[in-house]
Amino acid sequence: MREHDLIVATLQEDVALTIDELCATCAVTREWVVTRVQEGLLATEDGAPEQWRFGSGHLRRAREMRRIERTFDAAPELAALVADLLEEIAQLRARLR
Amino acid sequence: MQFKDYYEMLGVPRDASADAIKKAFRQLARKYHPDVSKAPDAEARMKEINEANAVLSDPERRAAYDQLLARGARGGQEFEPPPGWDAGFEFSGRGSDADAADFSDFFAELFGRMGGAAGARGAGFGAQSGGFRARGEDHHAKILLAIEDAFLGARRQVSLRAPELDPQGRVLLKTRTLDVQIPKGVREGQLIRLAGQGSPGMGNAPAGDLFLEVHFEPHPRYAVHGRDLRMELPVAPWEAALGAVVPVQLPHGGTLKVRLPAGAQGGRTLRVRGEGIPGDPPGDLELTVRVVLPKADTPRAKELYETMARELPFDPRA
């Protein structure tokens, strides 16, 4: 029934996911997110985990970190470093265009 | 449906140890990382490698898959799973296949029931009225837009394959095509979340979400940076020297008149507020001045250059 419905996307300034939504879409546990925020590997505002909100940058970064950690059995710090480098490459490539 | 040879995809022999499989997977994952690899099919290869690894690194799935090989199934052949092929195997469904939505029909047909497709994922898992409930899988897809679309909006079709259970409890992959209207104002890298448009949930659990990541096709004239639109502004030497009002063609078809200040040198950037990608606030238009010299290919043009050379005390290297 829903095969060809037209879905009108609305643009918010950015998606703002709660910690549980971020966990669901990245297939990680809550603890995974909490530790990485506490260690400064995934930036978010202060406050209790329930108040955290994650945008598109966070989501992309969390998925990348999870992938690197799982693929290479990498330490979280190393996965975060790779994510930093990938973000930097993306910015430099965008500047070349 | 074609039978997939997962051993061949990872380049390992049938009797490879778990360590050898892990090593091969890591080497290939490094080689085909979509952001690093120069191979044109890196993204597709990466999906295959992930899928092969999801089967071969899981002892239960690997044992069941080996059983099919032992029955004579070969890569590239037409293949239907024999009825009850997985009898005697127990799948604990502890899969952490966050990328399972990208896996092939072949994978979903064989393993769809065991945690890959409809997810025994921690979140959304709960027993309500005794039944099995699981929130549907989220889907992540990239959409490629033209820069013009950021100004005008765009309509795109997105195809999703989502597993559904038939009355016999078999997993069927159903392709859904969504028509998505993208409003104007999208930016590079922006995520658009379409709630409830991912895979359907099981039991009465809600469907997953669909996340679309926006990317722009390279454009010969325009580039975007956040909400700002960047382009070169080619000008004649006298326009740059004397100042001028020059027309600028915008991506949505309009023309903007821009005042070029007298004495503008090549490389100088002009910023026109509010003429970038629409939004609240809209981005800016950034113009980089490029002075283009007329050719000295007629006697008259040569004469004009010679006059300048003679009469202007100018040394560009001073």
# chains A, B, ... in the order shown; residues from 1 in each chain; ligands from 1
>>> select_by_dssp(residues="region 9-87 of chain A", states="helix (DSSP H, G or I)", output="PyMOL selection string")
chain A and resi 19-26+30-38+49-51+56-72+76-87
>>> write_last_selection(atoms="N, CA and C atoms", output="compact mmCIF listing (two decimals), in the first residue's frame")
# COMPACT_ATOMS: atom_id res chain seq x y z
N ILE A 19 20.15 9.30 23.20
CA ILE A 19 21.17 8.25 23.33
C ILE A 19 20.60 6.89 22.91
N ASP A 20 19.35 6.62 23.25
CA ASP A 20 18.78 5.32 22.89
C ASP A 20 18.61 5.17 21.39
N GLU A 21 18.22 6.27 20.73
CA GLU A 21 18.08 6.22 19.27
C GLU A 21 19.43 6.04 18.60
N LEU A 22 20.44 6.71 19.15
CA LEU A 22 21.78 6.56 18.59
C LEU A 22 22.25 5.11 18.74
N CYS A 23 22.00 4.53 19.91
CA CYS A 23 22.38 3.14 20.15
C CYS A 23 21.69 2.21 19.15
N ALA A 24 20.39 2.44 18.95
CA ALA A 24 19.62 1.55 18.07
C ALA A 24 20.15 1.62 16.65
N THR A 25 20.43 2.81 16.19
CA THR A 25 20.79 2.93 14.78
C THR A 25 22.25 2.57 14.53
N CYS A 26 23.07 2.58 15.57
CA CYS A 26 24.47 2.18 15.40
C CYS A 26 24.71 0.75 15.88
N ARG A 30 24.30 1.21 25.27
CA ARG A 30 24.31 2.51 25.90
C ARG A 30 25.67 2.78 26.55
N GLU A 31 26.21 1.73 27.15
CA GLU A 31 27.50 1.87 27.82
C GLU A 31 28.60 2.27 26.83
N TRP A 32 28.51 1.70 25.63
CA TRP A 32 29.49 2.02 24.58
C TRP A 32 29.51 3.53 24.35
N VAL A 33 28.31 4.11 24.22
CA VAL A 33 28.22 5.55 23.96
C VAL A 33 28.72 6.34 25.18
N VAL A 34 28.24 5.95 26.36
CA VAL A 34 28.59 6.71 27.56
C VAL A 34 30.11 6.76 27.77
N THR A 35 30.76 5.61 27.62
CA THR A 35 32.22 5.62 27.82
C THR A 35 32.91 6.53 26.81
N ARG A 36 32.46 6.47 25.57
CA ARG A 36 33.14 7.27 24.55
C ARG A 36 32.89 8.76 24.72
N VAL A 37 31.72 9.10 25.24
CA VAL A 37 31.47 10.51 25.53
C VAL A 37 32.34 10.94 26.70
N GLN A 38 32.38 10.11 27.74
CA GLN A 38 33.16 10.47 28.93
C GLN A 38 34.64 10.60 28.62
N PRO A 49 23.20 11.60 30.53
CA PRO A 49 23.02 10.95 29.22
C PRO A 49 21.62 11.18 28.63
N GLU A 50 20.59 11.27 29.48
CA GLU A 50 19.23 11.47 28.95
C GLU A 50 19.10 12.81 28.23
N GLN A 51 19.97 13.76 28.62
CA GLN A 51 19.86 15.08 28.00
C GLN A 51 20.72 15.23 26.74
N SER A 56 23.90 14.77 12.97
CA SER A 56 24.37 13.92 11.87
C SER A 56 25.87 13.64 11.97
N GLY A 57 26.63 14.65 12.39
CA GLY A 57 28.07 14.44 12.54
C GLY A 57 28.38 13.34 13.56
N HIS A 58 27.66 13.38 14.68
CA HIS A 58 27.86 12.35 15.71
C HIS A 58 27.53 10.97 15.17
N LEU A 59 26.41 10.90 14.45
CA LEU A 59 25.94 9.60 13.98
C LEU A 59 26.96 9.00 13.01
N ARG A 60 27.43 9.83 12.09
CA ARG A 60 28.42 9.36 11.12
C ARG A 60 29.68 8.89 11.84
N ARG A 61 30.09 9.70 12.82
CA ARG A 61 31.32 9.39 13.55
C ARG A 61 31.16 8.12 14.40
N ALA A 62 30.02 7.99 15.06
CA ALA A 62 29.81 6.81 15.91
C ALA A 62 29.80 5.54 15.06
N ARG A 63 29.16 5.60 13.90
CA ARG A 63 29.12 4.42 13.04
C ARG A 63 30.52 4.05 12.54
N GLU A 64 31.28 5.08 12.20
CA GLU A 64 32.63 4.85 11.72
C GLU A 64 33.49 4.24 12.83
N MET A 65 33.38 4.79 14.04
CA MET A 65 34.18 4.29 15.15
C MET A 65 33.83 2.84 15.47
N ARG A 66 32.52 2.57 15.46
CA ARG A 66 32.09 1.20 15.75
C ARG A 66 32.64 0.23 14.70
N ARG A 67 32.58 0.65 13.43
CA ARG A 67 33.05 -0.21 12.34
C ARG A 67 34.54 -0.50 12.51
N ILE A 68 35.30 0.53 12.81
CA ILE A 68 36.75 0.32 12.94
C ILE A 68 37.07 -0.54 14.15
N GLU A 69 36.39 -0.27 15.26
CA GLU A 69 36.63 -1.08 16.46
C GLU A 69 36.34 -2.54 16.19
N ARG A 70 35.21 -2.82 15.50
CA ARG A 70 34.84 -4.22 15.29
C ARG A 70 35.70 -4.88 14.23
N THR A 71 35.97 -4.16 13.14
CA THR A 71 36.73 -4.77 12.06
C THR A 71 38.15 -5.11 12.50
N PHE A 72 38.77 -4.18 13.21
CA PHE A 72 40.19 -4.35 13.51
C PHE A 72 40.46 -4.65 14.98
N PRO A 76 39.28 1.98 21.41
CA PRO A 76 38.40 3.11 21.12
C PRO A 76 39.17 4.37 20.73
N GLU A 77 40.30 4.61 21.41
CA GLU A 77 41.09 5.82 21.10
C GLU A 77 41.61 5.79 19.68
N LEU A 78 42.01 4.59 19.25
CA LEU A 78 42.56 4.46 17.90
C LEU A 78 41.45 4.65 16.86
N ALA A 79 40.29 4.06 17.15
CA ALA A 79 39.16 4.21 16.22
C ALA A 79 38.78 5.68 16.12
N ALA A 80 38.83 6.40 17.27
CA ALA A 80 38.49 7.83 17.25
C ALA A 80 39.52 8.61 16.44
N LEU A 81 40.78 8.20 16.55
CA LEU A 81 41.83 8.87 15.79
C LEU A 81 41.60 8.68 14.28
N VAL A 82 41.26 7.46 13.89
CA VAL A 82 40.97 7.20 12.47
C VAL A 82 39.78 8.03 12.03
N ALA A 83 38.75 8.12 12.89
CA ALA A 83 37.57 8.92 12.56
C ALA A 83 37.97 10.39 12.37
N ASP A 84 38.86 10.89 13.24
CA ASP A 84 39.36 12.27 13.09
C ASP A 84 39.99 12.45 11.72
N LEU A 85 40.83 11.49 11.35
CA LEU A 85 41.57 11.61 10.08
C LEU A 85 40.61 11.55 8.90
N LEU A 86 39.61 10.66 8.98
CA LEU A 86 38.64 10.55 7.88
C LEU A 86 37.85 11.85 7.74
N GLU A 87 37.50 12.46 8.87
CA GLU A 87 36.78 13.73 8.81
C GLU A 87 37.64 14.80 8.14
>>> interface_residues(of="chain B", to="chain A", cutoff="9 Å", atoms="only C-alpha atoms", output="JSON, numbers by chain")
{"B": [22, 25, 26, 29, 35, 36, 96, 97, 98, 121, 122, 123, 124, 137, 138, 139, 140, 155, 175, 176, 177, 178, 179, 180, 181, 182, 183, 184, 185, 186, 189, 190, 191, 192, 193, 194, 208, 209, 213, 218, 219, 220, 222, 223, 224, 225, 279, 280]}
>>> atom_distance(atom1="CA of Ser17 (chain B)", atom2="CA of Phe79 (chain B)")
26.5 Å
>>> residues_around(residues="region 257-264 of chain B", least_positions_apart="2", cutoff="10 Å", atoms="only C-alpha atoms", output="number ranges by chain")
B: 233, 235, 237-249, 255, 266-272, 287, 289-291
>>> write_last_selection(atoms="C-alpha atoms", output="mmCIF file, in the first residue's frame")
data_model
loop_
_atom_site.group_PDB
_atom_site.id
_atom_site.type_symbol
_atom_site.label_atom_id
_atom_site.label_comp_id
_atom_site.auth_asym_id
_atom_site.auth_seq_id
_atom_site.Cartn_x
_atom_site.Cartn_y
_atom_site.Cartn_z
ATOM 1 C CA LEU B 233 34.068 35.153 -10.901
ATOM 2 C CA VAL B 235 36.435 39.400 -14.887
ATOM 3 C CA PRO B 237 41.221 43.504 -16.467
ATOM 4 C CA TRP B 238 39.376 46.820 -16.880
ATOM 5 C CA GLU B 239 36.452 45.555 -14.783
ATOM 6 C CA ALA B 240 38.889 44.631 -12.046
ATOM 7 C CA ALA B 241 40.823 47.888 -12.321
ATOM 8 C CA LEU B 242 37.946 50.314 -12.678
ATOM 9 C CA GLY B 243 35.227 48.513 -10.809
ATOM 10 C CA ALA B 244 32.075 47.241 -12.475
ATOM 11 C CA VAL B 245 28.697 45.704 -11.920
ATOM 12 C CA VAL B 246 28.906 42.137 -13.264
ATOM 13 C CA PRO B 247 26.157 39.546 -13.688
ATOM 14 C CA VAL B 248 26.502 36.245 -11.803
ATOM 15 C CA GLN B 249 24.537 33.196 -12.889
ATOM 16 C CA THR B 255 21.042 36.258 -12.222
ATOM 17 C CA GLY B 266 42.761 38.177 -8.793
ATOM 18 C CA GLY B 267 42.189 35.796 -5.872
ATOM 19 C CA ARG B 268 40.212 38.338 -3.869
ATOM 20 C CA THR B 269 37.016 36.993 -2.357
ATOM 21 C CA LEU B 270 33.720 38.815 -2.467
ATOM 22 C CA ARG B 271 30.959 37.738 -0.140
ATOM 23 C CA VAL B 272 27.323 38.324 -0.965
ATOM 24 C CA LEU B 287 32.992 34.758 -5.296
ATOM 25 C CA VAL B 289 37.864 36.998 -8.525
ATOM 26 C CA ARG B 290 39.807 35.653 -11.484
ATOM 27 C CA VAL B 291 41.192 38.214 -13.873
#
>>> atom_distance(atom1="CA of Gly76 (chain B)", atom2="CA of Gln2 (chain B)")
5.3 Å
>>> closest_residue(among="B:Arg273, B:Gln27, B:Lys47, B:Asp15", to="Ala63 (chain B)", atoms="only C-alpha atoms")
B:Asp15
>>> atom_distance(atom1="CA of Ala205 (chain B)", atom2="CA of Arg135 (chain B)")
5.0 Å
